[in-house]
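Just work_29.tsv here, TSV, N, CA and C atoms:
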```tsv
chain	number	residue	atom	x	y	z
A	273	MET	N	189.76	-77.00	34.27
A	273	MET	CA	191.10	-76.43	34.18
A	273	MET	C	192.09	-77.37	33.48
A	274	PRO	N	192.07	-78.67	33.74
A	274	PRO	CA	193.01	-79.55	33.01
A	274	PRO	C	192.79	-79.53	31.50
A	275	THR	N	191.56	-79.28	31.08
A	275	THR	CA	191.28	-79.22	29.64
A	275	THR	C	192.03	-78.05	29.01
A	276	LEU	N	192.00	-76.91	29.66
A	276	LEU	CA	192.72	-75.74	29.16
A	276	LEU	C	194.22	-76.02	29.11
A	277	TYR	N	194.73	-76.70	30.11
A	277	TYR	CA	196.15	-77.06	30.15
A	277	TYR	C	196.53	-77.89	28.93
A	278	TRP	N	195.75	-78.90	28.62
A	278	TRP	CA	196.08	-79.77	27.49
A	278	TRP	C	195.89	-79.07	26.16
A	279	ILE	N	194.95	-78.15	26.10
A	279	ILE	CA	194.80	-77.36	24.87
A	279	ILE	C	196.04	-76.51	24.66
A	280	LEU	N	196.53	-75.88	25.72
A	280	LEU	CA	197.75	-75.07	25.61
A	280	LEU	C	198.96	-75.93	25.27
A	281	VAL	N	199.07	-77.09	25.89
A	281	VAL	CA	200.20	-77.99	25.61
A	281	VAL	C	200.17	-78.42	24.14
A	282	ALA	N	198.99	-78.78	23.65
A	282	ALA	CA	198.88	-79.20	22.25
A	282	ALA	C	199.20	-78.05	21.30
A	283	THR	N	198.73	-76.86	21.63
A	283	THR	CA	198.97	-75.70	20.76
A	283	THR	C	200.46	-75.36	20.70
A	284	PHE	N	201.08	-75.24	21.88
A	284	PHE	CA	202.50	-74.86	21.89
A	284	PHE	C	203.40	-76.01	21.47
A	285	GLY	N	202.93	-77.22	21.55
A	285	GLY	CA	203.70	-78.36	21.03
A	285	GLY	C	203.62	-78.44	19.51
A	286	ALA	N	202.52	-77.96	18.96
A	286	ALA	CA	202.34	-78.02	17.51
A	286	ALA	C	203.13	-76.93	16.79
A	287	ILE	N	203.45	-75.86	17.47
A	287	ILE	CA	204.18	-74.76	16.83
A	287	ILE	C	205.56	-75.21	16.31
A	288	PRO	N	206.39	-75.84	17.14
A	288	PRO	CA	207.70	-76.28	16.59
A	288	PRO	C	207.57	-77.34	15.51
A	289	ILE	N	206.59	-78.23	15.66
A	289	ILE	CA	206.40	-79.28	14.65
A	289	ILE	C	205.97	-78.64	13.32
A	290	SER	N	205.04	-77.70	13.38
A	290	SER	CA	204.58	-77.07	12.15
A	290	SER	C	205.70	-76.24	11.51
A	291	TYR	N	206.54	-75.60	12.33
A	291	TYR	CA	207.67	-74.85	11.78
A	291	TYR	C	208.65	-75.78	11.08
A	292	PHE	N	208.91	-76.93	11.70
A	292	PHE	CA	209.82	-77.92	11.10
A	292	PHE	C	209.28	-78.40	9.76
A	293	ILE	N	207.99	-78.71	9.70
A	293	ILE	CA	207.38	-79.16	8.45
A	293	ILE	C	207.47	-78.05	7.40
A	294	TYR	N	207.19	-76.83	7.80
A	294	TYR	CA	207.28	-75.68	6.89
A	294	TYR	C	208.70	-75.53	6.36
A	295	ASP	N	209.69	-75.65	7.24
A	295	ASP	CA	211.09	-75.52	6.84
A	295	ASP	C	211.48	-76.59	5.84
A	296	VAL	N	211.04	-77.82	6.08
A	296	VAL	CA	211.35	-78.92	5.17
A	296	VAL	C	210.69	-78.68	3.81
A	297	MET	N	209.46	-78.20	3.82
A	297	MET	CA	208.75	-77.93	2.56
A	297	MET	C	209.48	-76.86	1.75
A	298	ILE	N	209.90	-75.78	2.41
A	298	ILE	CA	210.62	-74.72	1.71
A	298	ILE	C	211.94	-75.26	1.14
A	299	ALA	N	212.65	-76.07	1.92
A	299	ALA	CA	213.92	-76.63	1.45
A	299	ALA	C	213.69	-77.53	0.23
A	300	GLU	N	212.64	-78.33	0.27
A	300	GLU	CA	212.35	-79.21	-0.87
A	300	GLU	C	211.97	-78.41	-2.11
A	301	MET	N	211.18	-77.37	-1.94
A	301	MET	CA	210.78	-76.55	-3.08
A	301	MET	C	211.99	-75.86	-3.69
A	302	THR	N	212.90	-75.40	-2.86
A	302	THR	CA	214.11	-74.74	-3.35
A	302	THR	C	214.99	-75.74	-4.09
A	303	ALA	N	215.16	-76.92	-3.52
A	303	ALA	CA	215.99	-77.94	-4.16
A	303	ALA	C	215.38	-78.38	-5.48
A	304	LYS	N	214.07	-78.51	-5.52
A	304	LYS	CA	213.39	-78.92	-6.75
A	304	LYS	C	213.59	-77.86	-7.83
A	305	SER	N	213.51	-76.60	-7.45
A	305	SER	CA	213.72	-75.51	-8.41
A	305	SER	C	215.14	-75.54	-8.95
A	306	LYS	N	216.11	-75.79	-8.09
A	306	LYS	CA	217.51	-75.85	-8.53
A	306	LYS	C	217.74	-77.03	-9.46
A	307	ARG	N	217.13	-78.19	-9.13
A	307	ARG	CA	217.28	-79.36	-10.00
A	307	ARG	C	216.65	-79.09	-11.36
A	308	LYS	N	215.51	-78.40	-11.37
A	308	LYS	CA	214.84	-78.10	-12.63
A	308	LYS	C	215.70	-77.17	-13.49
A	309	LYS	N	216.32	-76.16	-12.88
A	309	LYS	CA	217.19	-75.25	-13.62
A	309	LYS	C	218.40	-76.01	-14.20
A	310	TYR	N	218.96	-76.91	-13.38
A	310	TYR	CA	220.11	-77.70	-13.83
A	310	TYR	C	219.71	-78.58	-15.01
A	311	PHE	N	218.57	-79.24	-14.89
A	311	PHE	CA	218.08	-80.10	-15.97
A	311	PHE	C	217.83	-79.30	-17.24
A	312	ASN	N	217.22	-78.13	-17.10
A	312	ASN	CA	216.96	-77.28	-18.27
A	312	ASN	C	218.25	-76.82	-18.93
A	313	ASN	N	219.28	-76.55	-18.13
A	313	ASN	CA	220.58	-76.18	-18.70
A	313	ASN	C	221.17	-77.32	-19.52
A	314	ILE	N	221.02	-78.55	-19.03
A	314	ILE	CA	221.52	-79.71	-19.77
A	314	ILE	C	220.76	-79.85	-21.09
A	315	ILE	N	219.44	-79.71	-21.04
A	315	ILE	CA	218.63	-79.83	-22.25
A	315	ILE	C	219.00	-78.73	-23.25
A	316	ASP	N	219.18	-77.50	-22.77
A	316	ASP	CA	219.55	-76.40	-23.65
A	316	ASP	C	220.91	-76.66	-24.32
A	317	THR	N	221.85	-77.16	-23.55
A	317	THR	CA	223.17	-77.47	-24.10
A	317	THR	C	223.07	-78.55	-25.16
A	318	SER	N	222.27	-79.56	-24.87
A	318	SER	CA	222.07	-80.65	-25.83
A	318	SER	C	221.44	-80.13	-27.12
A	319	THR	N	220.45	-79.27	-26.98
A	319	THR	CA	219.77	-78.70	-28.16
A	319	THR	C	220.74	-77.85	-28.97
A	320	GLN	N	221.54	-77.05	-28.31
A	320	GLN	CA	222.52	-76.21	-29.01
A	320	GLN	C	223.55	-77.07	-29.73
A	321	TYR	N	223.97	-78.16	-29.10
A	321	TYR	CA	224.96	-79.05	-29.73
A	321	TYR	C	224.36	-79.69	-30.97
A	322	ARG	N	223.10	-80.14	-30.88
A	322	ARG	CA	222.45	-80.74	-32.05
A	322	ARG	C	222.35	-79.74	-33.20
A	323	ARG	N	222.02	-78.50	-32.86
A	323	ARG	CA	221.95	-77.47	-33.91
A	323	ARG	C	223.31	-77.23	-34.53
A	324	TYR	N	224.34	-77.23	-33.69
A	324	TYR	CA	225.70	-77.02	-34.17
A	324	TYR	C	226.13	-78.14	-35.10
A	325	VAL	N	225.80	-79.39	-34.70
A	325	VAL	CA	226.21	-80.55	-35.50
A	325	VAL	C	225.48	-80.53	-36.85
A	326	LYS	N	224.21	-80.16	-36.84
A	326	LYS	CA	223.45	-80.09	-38.08
A	326	LYS	C	223.86	-78.89	-38.93
A	327	GLY	N	224.58	-77.94	-38.35
A	327	GLY	CA	224.98	-76.76	-39.09
A	327	GLY	C	223.91	-75.69	-39.12
A	328	GLY	N	223.02	-75.76	-38.20
A	328	GLY	CA	221.91	-74.81	-38.17
A	328	GLY	C	222.29	-73.44	-37.67
A	329	GLU	N	223.30	-73.35	-36.83
A	329	GLU	CA	223.67	-72.04	-36.29
A	329	GLU	C	225.04	-71.62	-36.76
```
I need this file expressed as structure tokens, please.
Amino acid sequence: MPTLYWILVATFGAIPISYFIYDVMIAEMTAKSKRKKYFNNIIDTSTQYRRYVKGGE
């Protein structure tokens, strides 16, 4: 019987920990996506400015 108790304790203890890890992973993926979009906007602006300076557009 004590074995079953510890299995249940480990299982129900792991649920909040796994949810926390999942939440952190989702937050990091979202932040990474936002940083990538921001970086791409900077690169696009830079490319457009270079084209403008060269008289390409």
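Take atom C of Ile279 in chain A and CA of Tyr291 in chain A: the distance between them is 17.4 Å.
CA of Ser290 in chain A to CA of Trp278 in chain A spans 17.7 Å [interatomic distance, one decimal].
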Draw an axis-aligned box tight on the listed atoms of range 295-299 of chain A, then pad every side by 6 Å and write out centre and edge lengths in Å to one decimal as AutoDock Vina command-line options.
```
--center_x 211.3 --center_y -76.8 --center_z 3.7 --size_x 17.2 --size_y 16.2 --size_z 19.0
```
